[in-house]
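Structure file run_31.cif (mmCIF, C-alpha atoms) follows.
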data_work
#
loop_
_atom_site.label_atom_id
_atom_site.label_comp_id
_atom_site.auth_asym_id
_atom_site.auth_seq_id
_atom_site.Cartn_x
_atom_site.Cartn_y
_atom_site.Cartn_z
CA MET Y 183 10.08 -18.37 -25.79
CA LYS Y 184 7.20 -17.24 -28.01
CA SER Y 185 4.64 -19.37 -26.12
CA LEU Y 186 5.93 -17.90 -22.84
CA HIS Y 187 5.30 -14.40 -24.23
CA LYS Y 188 1.80 -15.43 -25.30
CA VAL Y 189 1.01 -16.67 -21.77
CA SER Y 190 2.44 -13.42 -20.32
CA HIS Y 191 0.35 -11.29 -22.72
CA GLY Y 192 -2.78 -13.33 -22.00
CA ALA Y 193 -2.24 -13.06 -18.23
CA GLN Y 194 -1.65 -9.31 -18.53
CA ILE Y 195 -4.83 -8.69 -20.53
CA PHE Y 196 -6.88 -10.92 -18.20
CA LEU Y 197 -5.50 -9.21 -15.05
CA ARG Y 198 -6.13 -5.71 -16.45
CA ILE Y 199 -9.75 -6.57 -17.32
CA PHE Y 200 -10.18 -8.21 -13.90
CA ALA Y 201 -8.71 -5.15 -12.08
CA LEU Y 202 -10.89 -2.83 -14.18
CA VAL Y 203 -14.10 -4.74 -13.33
CA ALA Y 204 -13.20 -5.30 -9.65
CA SER Y 205 -12.29 -1.63 -9.09
CA ALA Y 206 -15.32 -0.32 -10.99
CA ILE Y 207 -17.74 -2.50 -8.99
CA SER Y 208 -15.89 -1.68 -5.74
CA ALA Y 209 -16.16 2.08 -6.44
CA TRP Y 210 -19.84 1.74 -7.39
CA LEU Y 211 -20.63 -0.24 -4.21
CA MET Y 212 -18.85 2.36 -2.06
CA LEU Y 213 -20.28 5.44 -3.79
CA THR Y 214 -23.86 4.15 -3.52
CA ALA Y 215 -23.52 2.87 0.08
CA GLU Y 216 -26.17 4.69 2.09
CA GLU Y 217 -28.60 3.61 4.81
CA LYS Y 218 -31.04 5.35 7.13
CA ALA Y 219 -31.99 3.90 10.50
CA ILE Y 220 -33.62 4.86 13.80
CA VAL Y 221 -30.98 4.55 16.54
CA TYR Y 222 -32.14 5.10 20.15
CA GLY Y 223 -35.19 6.97 18.79
CA MET Y 224 -33.10 9.26 16.56
CA ALA Y 225 -33.13 9.25 12.76
CA MET Y 226 -29.53 8.60 11.65
CA SER Y 227 -27.88 7.81 8.36
CA ALA Y 228 -24.69 6.13 7.19
CA LYS Y 229 -22.97 7.24 4.00
CA TYR Y 230 -19.53 6.58 2.52
CA SER Y 231 -18.80 10.34 2.40
CA TYR Y 232 -18.97 10.59 6.21
CA SER Y 233 -15.55 8.92 6.39
CA PRO Y 234 -12.43 10.33 4.65
CA ALA Y 235 -11.04 6.77 4.50
CA PHE Y 236 -14.07 5.51 2.55
CA LYS Y 237 -13.94 8.58 0.30
CA PHE Y 238 -10.27 7.88 -0.43
CA ALA Y 239 -10.99 4.19 -1.10
CA ALA Y 240 -13.77 5.12 -3.55
CA PHE Y 241 -11.53 7.71 -5.25
CA ALA Y 242 -8.67 5.19 -5.47
CA ASN Y 243 -10.92 2.63 -7.16
CA VAL Y 244 -12.32 5.17 -9.64
CA VAL Y 245 -8.73 6.13 -10.57
CA ALA Y 246 -7.69 2.44 -10.71
CA SER Y 247 -10.55 1.44 -13.01
CA ALA Y 248 -9.89 4.40 -15.34
CA PHE Y 249 -6.17 3.63 -15.51
CA ALA Y 250 -6.81 -0.11 -15.89
CA LEU Y 251 -8.86 0.71 -19.01
CA LEU Y 252 -6.20 3.10 -20.32
CA SER Y 253 -3.39 0.61 -19.64
CA LEU Y 254 -5.40 -2.16 -21.34
CA CYS Y 255 -5.37 -0.09 -24.54
CA LEU Y 256 -1.67 0.71 -24.05
CA THR Y 257 -0.87 -2.98 -23.48
CA PHE Y 258 -1.97 -3.87 -27.01
CA ILE Y 259 0.33 -1.15 -28.42
CA VAL Y 260 3.23 -2.23 -26.18
CA ILE Y 261 2.77 -5.91 -27.11
CA ARG Y 262 2.86 -5.02 -30.84
CA LYS Y 263 6.01 -2.89 -30.47
CA GLY Y 264 7.75 -5.24 -27.96
CA ASN Y 265 10.09 -2.48 -26.72
CA PRO Y 266 11.33 -3.15 -23.14
CA SER Y 267 11.23 0.60 -22.34
CA ASN Y 268 7.47 0.55 -22.87
CA TYR Y 269 7.16 -2.34 -20.44
CA PHE Y 270 9.07 -0.28 -17.92
CA PHE Y 271 6.53 2.51 -18.38
CA LEU Y 272 3.72 -0.02 -17.74
CA PHE Y 273 5.63 -1.26 -14.67
CA MET Y 274 5.76 2.28 -13.20
CA HIS Y 275 2.04 2.71 -13.92
CA ASP Y 276 1.10 -0.59 -12.25
CA LEU Y 277 3.31 0.12 -9.23
CA VAL Y 278 1.76 3.55 -8.59
CA ILE Y 279 -1.84 2.39 -9.10
CA MET Y 280 -1.26 -0.66 -6.89
CA SER Y 281 0.07 1.61 -4.11
CA VAL Y 282 -2.92 3.97 -4.35
CA VAL Y 283 -5.51 1.14 -4.26
CA LEU Y 284 -3.66 -0.64 -1.45
CA GLY Y 285 -3.67 2.58 0.60
CA GLY Y 286 -7.43 2.91 0.08
CA CYS Y 287 -8.01 -0.74 1.04
CA ALA Y 288 -5.97 -0.51 4.25
CA ALA Y 289 -7.60 2.76 5.35
CA ALA Y 290 -11.12 1.46 4.62
CA THR Y 291 -10.36 -1.82 6.42
CA ALA Y 292 -9.17 0.05 9.53
CA ILE Y 293 -12.34 2.19 9.67
CA GLY Y 294 -14.57 -0.75 8.71
CA TYR Y 295 -13.11 -2.73 11.62
CA VAL Y 296 -14.03 0.04 14.09
CA GLY Y 297 -17.49 0.23 12.48
CA LYS Y 298 -18.00 -3.50 13.04
CA TYR Y 299 -16.31 -4.13 16.39
CA GLY Y 300 -15.90 -0.62 17.82
CA ASN Y 301 -13.02 0.35 20.07
CA SER Y 302 -14.01 0.13 23.71
CA GLU Y 303 -10.80 1.80 24.97
CA ALA Y 304 -11.45 4.89 22.82
CA GLY Y 305 -15.19 4.81 23.54
CA TRP Y 306 -16.05 4.29 19.85
CA LEU Y 307 -19.16 2.12 19.58
CA PRO Y 308 -19.75 -0.26 16.64
CA ILE Y 309 -22.37 0.98 14.18
CA CYS Y 310 -22.85 -2.12 12.04
CA ASP Y 311 -25.62 -3.48 14.32
CA HIS Y 312 -27.77 -0.55 13.16
CA PHE Y 313 -26.49 -0.25 9.58
CA THR Y 314 -26.19 -3.88 8.43
CA SER Y 315 -26.85 -3.23 4.73
CA PHE Y 316 -24.37 -0.30 4.64
CA CYS Y 317 -21.68 -2.39 6.33
CA ASN Y 318 -22.21 -5.39 4.02
CA ARG Y 319 -21.92 -3.10 1.00
CA VAL Y 320 -18.71 -1.50 2.29
CA THR Y 321 -17.28 -4.96 3.13
CA SER Y 322 -17.99 -6.20 -0.43
CA SER Y 323 -16.43 -3.03 -1.83
CA VAL Y 324 -13.26 -3.51 0.24
CA ILE Y 325 -12.96 -7.22 -0.71
CA LEU Y 326 -13.19 -6.30 -4.42
CA SER Y 327 -10.67 -3.54 -3.87
CA TYR Y 328 -8.22 -6.07 -2.38
CA ALA Y 329 -8.79 -8.30 -5.43
CA SER Y 330 -7.90 -5.31 -7.63
CA THR Y 331 -4.77 -4.62 -5.53
CA VAL Y 332 -3.60 -8.23 -5.95
CA SER Y 333 -4.17 -7.97 -9.73
CA PHE Y 334 -2.07 -4.80 -9.90
CA LEU Y 335 0.60 -6.48 -7.74
CA PHE Y 336 0.83 -9.37 -10.22
CA LEU Y 337 0.78 -6.88 -13.11
CA THR Y 338 3.69 -4.96 -11.54
CA VAL Y 339 5.73 -8.18 -11.35
CA ILE Y 340 4.75 -9.25 -14.89
CA SER Y 341 5.65 -5.81 -16.33
CA ALA Y 342 9.00 -5.84 -14.51
CA LEU Y 343 9.66 -9.39 -15.74
CA ASN Y 344 8.66 -8.46 -19.30
CA SER Y 345 11.01 -5.49 -19.40
CA ARG Y 346 13.79 -8.01 -18.61
CA GLN Y 347 12.56 -11.04 -20.58
CA PHE Y 348 12.10 -9.08 -23.80
CA ARG Y 349 15.61 -7.80 -23.44
CA LEU Y 350 16.87 -11.33 -22.84
CA SER Y 351 15.07 -12.67 -25.91
CA ASN Y 352 16.26 -9.78 -28.07
CA SER Y 353 19.89 -9.93 -26.96
CA MET K 8 27.99 3.44 -17.59
CA LYS K 9 30.19 2.57 -14.59
CA SER K 10 29.61 5.92 -12.89
CA LEU K 11 25.83 5.41 -13.35
CA HIS K 12 26.14 2.07 -11.58
CA LYS K 13 28.11 3.70 -8.77
CA VAL K 14 25.36 6.32 -8.27
CA SER K 15 22.74 3.55 -8.33
CA HIS K 16 24.67 1.49 -5.74
CA GLY K 17 25.21 4.54 -3.54
CA ALA K 18 21.53 5.50 -3.73
CA GLN K 19 20.52 1.93 -2.93
CA ILE K 20 22.74 1.68 0.13
CA PHE K 21 21.66 5.13 1.37
CA LEU K 22 17.95 4.34 0.89
CA ARG K 23 18.24 0.97 2.66
CA ILE K 24 19.99 2.55 5.66
CA PHE K 25 17.41 5.39 5.67
CA ALA K 26 14.48 2.90 5.52
CA LEU K 27 16.09 0.80 8.28
CA VAL K 28 16.50 3.80 10.60
CA ALA K 29 13.09 5.34 9.78
CA SER K 30 11.22 2.05 10.29
CA ALA K 31 13.14 1.18 13.47
CA ILE K 32 12.41 4.59 15.07
CA SER K 33 8.80 4.46 13.82
CA ALA K 34 8.29 1.01 15.40
CA TRP K 35 9.96 2.13 18.64
CA LEU K 36 7.77 5.27 18.85
CA MET K 37 4.61 3.23 18.27
CA LEU K 38 5.51 0.34 20.60
CA THR K 39 6.33 2.72 23.46
CA ALA K 40 3.35 5.06 22.90
CA GLU K 41 1.37 5.04 26.15
CA GLU K 42 -0.37 7.74 28.17
CA LYS K 43 -2.64 7.85 31.19
CA ALA K 44 -5.17 10.65 31.74
CA ILE K 45 -8.24 11.52 33.77
CA VAL K 46 -11.18 11.96 31.36
CA TYR K 47 -14.51 13.15 32.83
CA GLY K 48 -13.29 12.00 36.27
CA MET K 49 -12.34 8.51 35.05
CA ALA K 50 -8.79 7.14 34.86
CA MET K 51 -8.18 6.18 31.23
CA SER K 52 -5.16 5.12 29.22
CA ALA K 53 -4.12 5.16 25.57
CA LYS K 54 -1.82 2.47 24.19
CA TYR K 55 -0.85 1.39 20.67
CA SER K 56 -2.09 -2.15 21.36
CA TYR K 57 -5.67 -0.93 21.84
CA SER K 58 -5.94 -0.49 18.06
CA PRO K 59 -5.35 -3.37 15.59
CA ALA K 60 -4.33 -0.75 12.98
CA PHE K 61 -1.56 0.62 15.23
CA LYS K 62 -0.48 -2.93 16.10
CA PHE K 63 -0.24 -3.77 12.39
CA ALA K 64 1.69 -0.55 11.67
CA ALA K 65 4.19 -1.36 14.46
CA PHE K 66 4.53 -4.96 13.23
CA ALA K 67 5.02 -3.75 9.62
CA ASN K 68 7.82 -1.41 10.69
CA VAL K 69 9.57 -4.08 12.77
CA VAL K 70 9.47 -6.41 9.74
CA ALA K 71 10.59 -3.57 7.41
CA SER K 72 13.57 -2.61 9.56
CA ALA K 73 14.67 -6.26 9.91
CA PHE K 74 14.40 -6.84 6.16
CA ALA K 75 16.06 -3.50 5.36
CA LEU K 76 19.07 -4.71 7.38
CA LEU K 77 19.04 -8.13 5.71
CA SER K 78 18.69 -6.59 2.24
CA LEU K 79 21.52 -4.15 3.00
CA CYS K 80 23.85 -7.12 3.53
CA LEU K 81 22.46 -8.85 0.43
CA THR K 82 22.96 -5.66 -1.64
CA PHE K 83 26.74 -5.82 -1.14
CA ILE K 84 26.76 -9.46 -2.36
CA VAL K 85 24.47 -8.62 -5.33
CA ILE K 86 26.61 -5.58 -6.29
CA ARG K 87 29.76 -7.75 -6.27
CA LYS K 88 28.16 -10.49 -8.40
CA GLY K 89 26.24 -8.07 -10.71
CA ASN K 90 23.78 -10.78 -11.82
CA PRO K 91 20.45 -9.28 -12.99
CA SER K 92 18.52 -12.25 -11.50
CA ASN K 93 19.74 -11.22 -8.05
CA TYR K 94 18.46 -7.70 -8.66
CA PHE K 95 15.10 -9.19 -9.54
CA PHE K 96 15.11 -10.98 -6.20
CA LEU K 97 15.83 -7.63 -4.48
CA PHE K 98 13.02 -6.05 -6.52
CA MET K 99 10.50 -8.66 -5.27
CA HIS K 100 11.72 -8.10 -1.71
CA ASP K 101 11.38 -4.30 -1.95
CA LEU K 102 7.94 -4.53 -3.56
CA VAL K 103 6.54 -6.81 -0.84
CA ILE K 104 8.04 -4.82 2.06
CA MET K 105 6.84 -1.53 0.52
CA SER K 106 3.30 -2.94 0.29
CA VAL K 107 3.31 -4.14 3.91
CA VAL K 108 4.61 -0.80 5.30
CA LEU K 109 2.22 1.19 3.08
CA GLY K 110 -0.71 -0.89 4.38
CA GLY K 111 0.35 -0.16 7.96
CA CYS K 112 0.73 3.58 7.23
CA ALA K 113 -2.70 3.89 5.61
CA ALA K 114 -4.47 1.95 8.37
CA ALA K 115 -2.73 3.95 11.13
CA THR K 116 -3.49 7.25 9.33
CA ALA K 117 -7.20 6.36 9.09
CA ILE K 118 -7.44 5.55 12.82
CA GLY K 119 -5.20 8.49 13.78
CA TYR K 120 -7.52 10.82 11.86
CA VAL K 121 -10.53 9.59 13.86
CA GLY K 122 -8.48 9.94 17.05
CA LYS K 123 -7.70 13.57 16.20
CA TYR K 124 -10.92 14.80 14.60
CA GLY K 125 -13.45 12.13 15.61
CA ASN K 126 -16.39 11.18 13.39
CA SER K 127 -19.54 13.01 14.46
CA GLU K 128 -21.81 10.98 12.13
CA ALA K 129 -20.70 7.71 13.75
CA GLY K 130 -20.64 9.25 17.23
CA TRP K 131 -16.89 8.63 17.64
CA LEU K 132 -15.35 11.41 19.71
CA PRO K 133 -11.76 12.61 19.21
CA ILE K 134 -9.38 11.46 21.95
CA CYS K 135 -6.31 13.58 21.13
CA ASP K 136 -7.50 16.46 23.35
CA HIS K 137 -6.95 14.18 26.34
CA PHE K 138 -3.95 12.19 25.07
CA THR K 139 -1.76 14.84 23.41
CA SER K 140 1.58 13.14 24.05
CA PHE K 141 0.27 9.77 22.81
CA CYS K 142 -1.13 11.36 19.63
CA ASN K 143 2.08 13.29 18.91
CA ARG K 144 4.09 10.11 19.31
CA VAL K 145 1.80 8.14 16.97
CA THR K 146 1.86 11.01 14.43
CA SER K 147 5.68 11.02 14.42
CA SER K 148 5.68 7.24 14.06
CA VAL K 149 3.32 7.39 11.06
CA ILE K 150 5.35 10.20 9.37
CA LEU K 151 8.54 8.12 9.71
CA SER K 152 6.68 5.10 8.40
CA TYR K 153 5.65 7.07 5.28
CA ALA K 154 9.30 8.08 4.84
CA SER K 155 10.25 4.39 4.98
CA THR K 156 7.49 3.55 2.44
CA VAL K 157 8.82 6.17 0.00
CA SER K 158 12.35 4.75 0.42
CA PHE K 159 11.12 1.26 -0.39
CA LEU K 160 9.15 2.64 -3.36
CA PHE K 161 12.35 4.20 -4.77
CA LEU K 162 14.25 0.99 -3.98
CA THR K 163 11.64 -1.05 -5.89
CA VAL K 164 12.12 1.18 -8.96
CA ILE K 165 15.94 1.13 -8.64
CA SER K 166 16.02 -2.68 -8.28
CA ALA K 167 13.73 -3.08 -11.32
CA LEU K 168 15.88 -0.62 -13.28
CA ASN K 169 19.08 -2.40 -12.21
CA SER K 170 17.79 -5.79 -13.31
CA ARG K 171 17.36 -4.21 -16.78
CA GLN K 172 20.36 -1.88 -16.87
CA PHE K 173 22.84 -4.58 -15.93
CA ARG K 174 21.46 -6.74 -18.69
CA LEU K 175 21.71 -3.85 -21.13
CA SER K 176 25.33 -3.17 -20.18
CA ASN K 177 26.23 -6.87 -20.30
CA SER K 178 24.55 -7.56 -23.64
#
How would this structure read if it were set down as structure tokens?
Amino acid sequence: MKSLHKVSHGAQIFLRIFALVASAISAWLMLTAEEKAIVYGMAMSAKYSYSPAFKFAAFANVVASAFALLSLCLTFIVIRKGNPSNYFFLFMHDLVIMSVVLGGCAAATAIGYVGKYGNSEAGWLPICDHFTSFCNRVTSSVILSYASTVSFLFLTVISALNSRQFRLSNS
Amino acid sequence: MKSLHKVSHGAQIFLRIFALVASAISAWLMLTAEEKAIVYGMAMSAKYSYSPAFKFAAFANVVASAFALLSLCLTFIVIRKGNPSNYFFLFMHDLVIMSVVLGGCAAATAIGYVGKYGNSEAGWLPICDHFTSFCNRVTSSVILSYASTVSFLFLTVISALNSRQFRLSNS
């Protein structure tokens, strides 16, 4: 049972560090995404702040990286104490952060898709032909954000399992 | 402790029925959203299937309502058996379905926002001035989908709590 706990603790610490790094890089890529181009003779620019979906995705990743760091510190305390109630607190944290980052990912994907392929029925033209660097940066940001979401999803399951397993081992 | 379990069971059954109804109506509203209009002298139409985000939101709600019904039946079996492992199975179910519906909501909100307010920087014009009925229908669908997401979020927490509480009361 002890080796199982060690694997669970190791996985938790690894996933929190991974989510922290993925979300931090994702937020940085999104917040610094900017490109100027001449489109049909007009000077135009693309910036993450032009889209509420991209702003929300960046905000979600900033929050996620901050809370991943905070929860990493808390994890060490929770592991030392081994109280199932603390694991339940971590579970609630992971569930909420996962939901926020997932919402940001989905919204940014939807807008990114229109940016790349347009929507002919609505008359929305694709912009990625003119803003290739901007689009690549946003795509990388969204991919990293999905990686962070998956980490928080696993963390949610691990925290829920831990709040049971520790009870089982203590009882 | 028994009365607490009764409240938990009642809340679970209510939330599953609520999620089932909300998701089913949301999917129906989205799948039947269609409007024809004359825009600048041209015959145009708006349909949910023109947007991958709306298609995904409709699909997510169909899946959610089907699984809400299935999990409602399973809940009665799980309540009778009272095995915490079964509650963990319900927890995994609720977590996955919540994530899928939330993804659909966020994507549909992002596209709906562009449909209503446009995006002047990208040159995407709003379409809701011409397709009022379509936009109202999609808005109602998305609101109901958020209601279903919140239900599944509560269900995820209740299932996780139950898988602990039943252990605590049995130990």
> Quick one: of Y:Val332, Y:Leu337, Y:Ser231, Y:Gly192, who's nearest to Phe258 (chain Y), counting all atoms listed in the file?
Replying inline: Y:Gly192
> What residues come out when you apply the PyMOL selection byres ((chain K) within 9 of (chain Y)) to this file, written as a PyMOL selection string?
Replying inline: chain K and resi 51-53+57-60+91+95+98-99+102+105-106+109-118+120-122+126-134+160+164+167-168+170-171+174-175+178
>> as a PyMOL selection string, please: the residues near region 314-325 of chain Y (cut-off 7 Å, all atoms listed in the file, same-chain neighbours under 5 positions excluded).
In response: chain Y and resi 208-209+211-212+215-217+228+287+290
Write the residues you've just listed into a file as a JSON list (two decimals), in the coordinates of the input, and include C-alpha atoms for each of them.
[["chain", "number", "residue", "atom", "x", "y", "z"],
["Y", 208, "SER", "CA", -15.89, -1.68, -5.74],
["Y", 209, "ALA", "CA", -16.16, 2.08, -6.44],
["Y", 211, "LEU", "CA", -20.63, -0.24, -4.21],
["Y", 212, "MET", "CA", -18.85, 2.36, -2.06],
["Y", 215, "ALA", "CA", -23.52, 2.87, 0.08],
["Y", 216, "GLU", "CA", -26.17, 4.69, 2.09],
["Y", 217, "GLU", "CA", -28.60, 3.61, 4.81],
["Y", 228, "ALA", "CA", -24.69, 6.13, 7.19],
["Y", 287, "CYS", "CA", -8.01, -0.74, 1.04],
["Y", 290, "ALA", "CA", -11.12, 1.46, 4.62]]
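Using all atoms listed in the file, the protein and nucleic acid residues lying no more than 9 Å from Leu326 (chain Y), apart from those fewer than 5 places from it along its own chain, are Ala201, Ala204, Ser205, Ile207, Ser208, Thr321 and Thr331 of chain Y.
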> For the file shown, what are the residues hit by the PyMOL selection byres ((chain K and resi 81) around 12), laid out as a ChimeraX atom specification?
Replying inline: /K:19-20,23,74-80,82-89,93-94,96-97,100
>> I'd like the interatomic distance between CA of Asn90 (chain K) and CA of Ser190 (chain Y), to a tenth of an Å.
In response: 23.1 Å
>> If I take CA of Ala64 (chain K) and CA of Val108 (chain K), how far is one from the other in Å, to one decimal?
In response: 7.0 Å
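Proximity to Ser152 (chain K) was assessed for K:Ala31, K:Gly48, K:His137, K:Lys43 counting only C-alpha atoms; the smallest distance is recorded for K:Ala31.
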Residue rebuild result region 104-114 of chain K, all heavy atoms as a short mmCIF file (atom, residue, chain, number, x, y, z; two decimals), in the frame of the given file:
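Result written to part_36.cif:
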data_model
loop_
_atom_site.label_atom_id
_atom_site.label_comp_id
_atom_site.auth_asym_id
_atom_site.auth_seq_id
_atom_site.Cartn_x
_atom_site.Cartn_y
_atom_site.Cartn_z
N ILE K 104 7.86 -5.60 0.82
CA ILE K 104 8.04 -4.82 2.06
C ILE K 104 7.37 -3.45 1.92
O ILE K 104 6.71 -2.98 2.86
CB ILE K 104 9.55 -4.66 2.42
CG1 ILE K 104 10.21 -6.04 2.59
CG2 ILE K 104 9.72 -3.82 3.69
CD1 ILE K 104 9.70 -6.87 3.75
N MET K 105 7.50 -2.82 0.75
CA MET K 105 6.84 -1.53 0.52
C MET K 105 5.33 -1.66 0.72
O MET K 105 4.71 -0.83 1.38
CB MET K 105 7.16 -1.04 -0.90
CG MET K 105 6.78 0.39 -1.20
SD MET K 105 5.08 0.59 -1.75
CE MET K 105 5.14 -0.08 -3.40
N SER K 106 4.75 -2.73 0.18
CA SER K 106 3.30 -2.94 0.29
C SER K 106 2.87 -3.11 1.75
O SER K 106 1.85 -2.56 2.17
CB SER K 106 2.87 -4.17 -0.52
OG SER K 106 3.28 -4.04 -1.85
N VAL K 107 3.65 -3.88 2.50
CA VAL K 107 3.31 -4.14 3.91
C VAL K 107 3.37 -2.83 4.72
O VAL K 107 2.45 -2.51 5.47
CB VAL K 107 4.26 -5.21 4.52
CG1 VAL K 107 4.05 -5.34 6.02
CG2 VAL K 107 4.04 -6.56 3.85
N VAL K 108 4.46 -2.05 4.53
CA VAL K 108 4.61 -0.80 5.30
C VAL K 108 3.54 0.22 4.87
O VAL K 108 2.96 0.90 5.71
CB VAL K 108 6.03 -0.19 5.13
CG1 VAL K 108 6.20 1.01 6.05
CG2 VAL K 108 7.08 -1.21 5.46
N LEU K 109 3.25 0.27 3.57
CA LEU K 109 2.22 1.19 3.08
C LEU K 109 0.85 0.85 3.70
O LEU K 109 0.11 1.75 4.11
CB LEU K 109 2.14 1.13 1.55
CG LEU K 109 1.03 1.95 0.88
CD1 LEU K 109 1.19 3.43 1.17
CD2 LEU K 109 1.03 1.73 -0.63
N GLY K 110 0.54 -0.45 3.77
CA GLY K 110 -0.71 -0.89 4.38
C GLY K 110 -0.79 -0.42 5.83
O GLY K 110 -1.83 0.10 6.27
N GLY K 111 0.29 -0.59 6.56
CA GLY K 111 0.35 -0.16 7.96
C GLY K 111 0.16 1.35 8.09
O GLY K 111 -0.59 1.81 8.95
N CYS K 112 0.83 2.11 7.23
CA CYS K 112 0.73 3.58 7.23
C CYS K 112 -0.72 4.03 7.02
O CYS K 112 -1.23 4.87 7.76
CB CYS K 112 1.53 4.17 6.07
SG CYS K 112 3.26 4.27 6.35
N ALA K 113 -1.34 3.48 5.98
CA ALA K 113 -2.70 3.89 5.61
C ALA K 113 -3.69 3.57 6.71
O ALA K 113 -4.54 4.40 7.06
CB ALA K 113 -3.11 3.23 4.29
N ALA K 114 -3.56 2.36 7.29
CA ALA K 114 -4.47 1.95 8.37
C ALA K 114 -4.27 2.85 9.60
O ALA K 114 -5.26 3.34 10.18
CB ALA K 114 -4.22 0.49 8.73
#
